[in-house]
Amino acid sequence: MSPSELNKYRLILGKKHEELLAAAPARTPASEPGSKSGDWIDQSSQESDLHVHLRLMQTDSKLQRAIEEAIHRIDAGTYGICMDCEDEIPATRLEAVPWTRLCVDCKEKKDK
Ligand SMILES: [Zn+2]
């Protein structure tokens, strides 16, 4: 992959990473689990909201880590190479999912 292409993906990844950080739940204290939002709220619905919230947080931090790893791979010179079959990942896939570690074939094999 050419340096200008690597630079492009680094910019995309950096921007996405910033977006995730900006949207991090830590910036919205009102939705913190510890905050008392009123005893009148039905306890069970409050708990299910919390579970949804936690699941979203997990997804975000997972994505955040995947993006950080991708940026590391750009620095290490292994970006755009499938971790499984070591083939080059097609540009179309990198455009769609810039933080991917696997080519479509290997991803599909893993999903099955
Ligand atoms: Zn592969």
# chains A, B, ... in the order shown; residues from 1 in each chain; ligands from 1
$ residues_around --residues "stretch 69-79 of chain A" --least-positions-apart "4" --cutoff "12 Å" --atoms "only C-alpha atoms" --output "PyMOL selection string"
chain A and resi 1-17+62-65+83+86-91+94+97-103
$ atom_distance --atom1 "atom CA of A:Lys109" --atom2 "atom CA of A:Glu68"
24.2 Å
$ closest_residue --among "A:Glu108, A:Arg93, A:Thr59, A:Cys85" --to "ligand 1" --atoms "only C-alpha atoms and all ligand atoms"
A:Cys85
$ atom_distance --atom1 "atom CA of A:Ala23" --atom2 "atom CA of A:Asp111"
28.5 Å
$ atom_distance --atom1 "atom CA of A:Glu18" --atom2 "atom CA of A:Ser61"
12.3 Å
$ closest_residue --among "A:Ala96, A:Ala22, A:Val104, A:Ile67" --to "A:Cys82" --atoms "only C-alpha atoms"
A:Val104
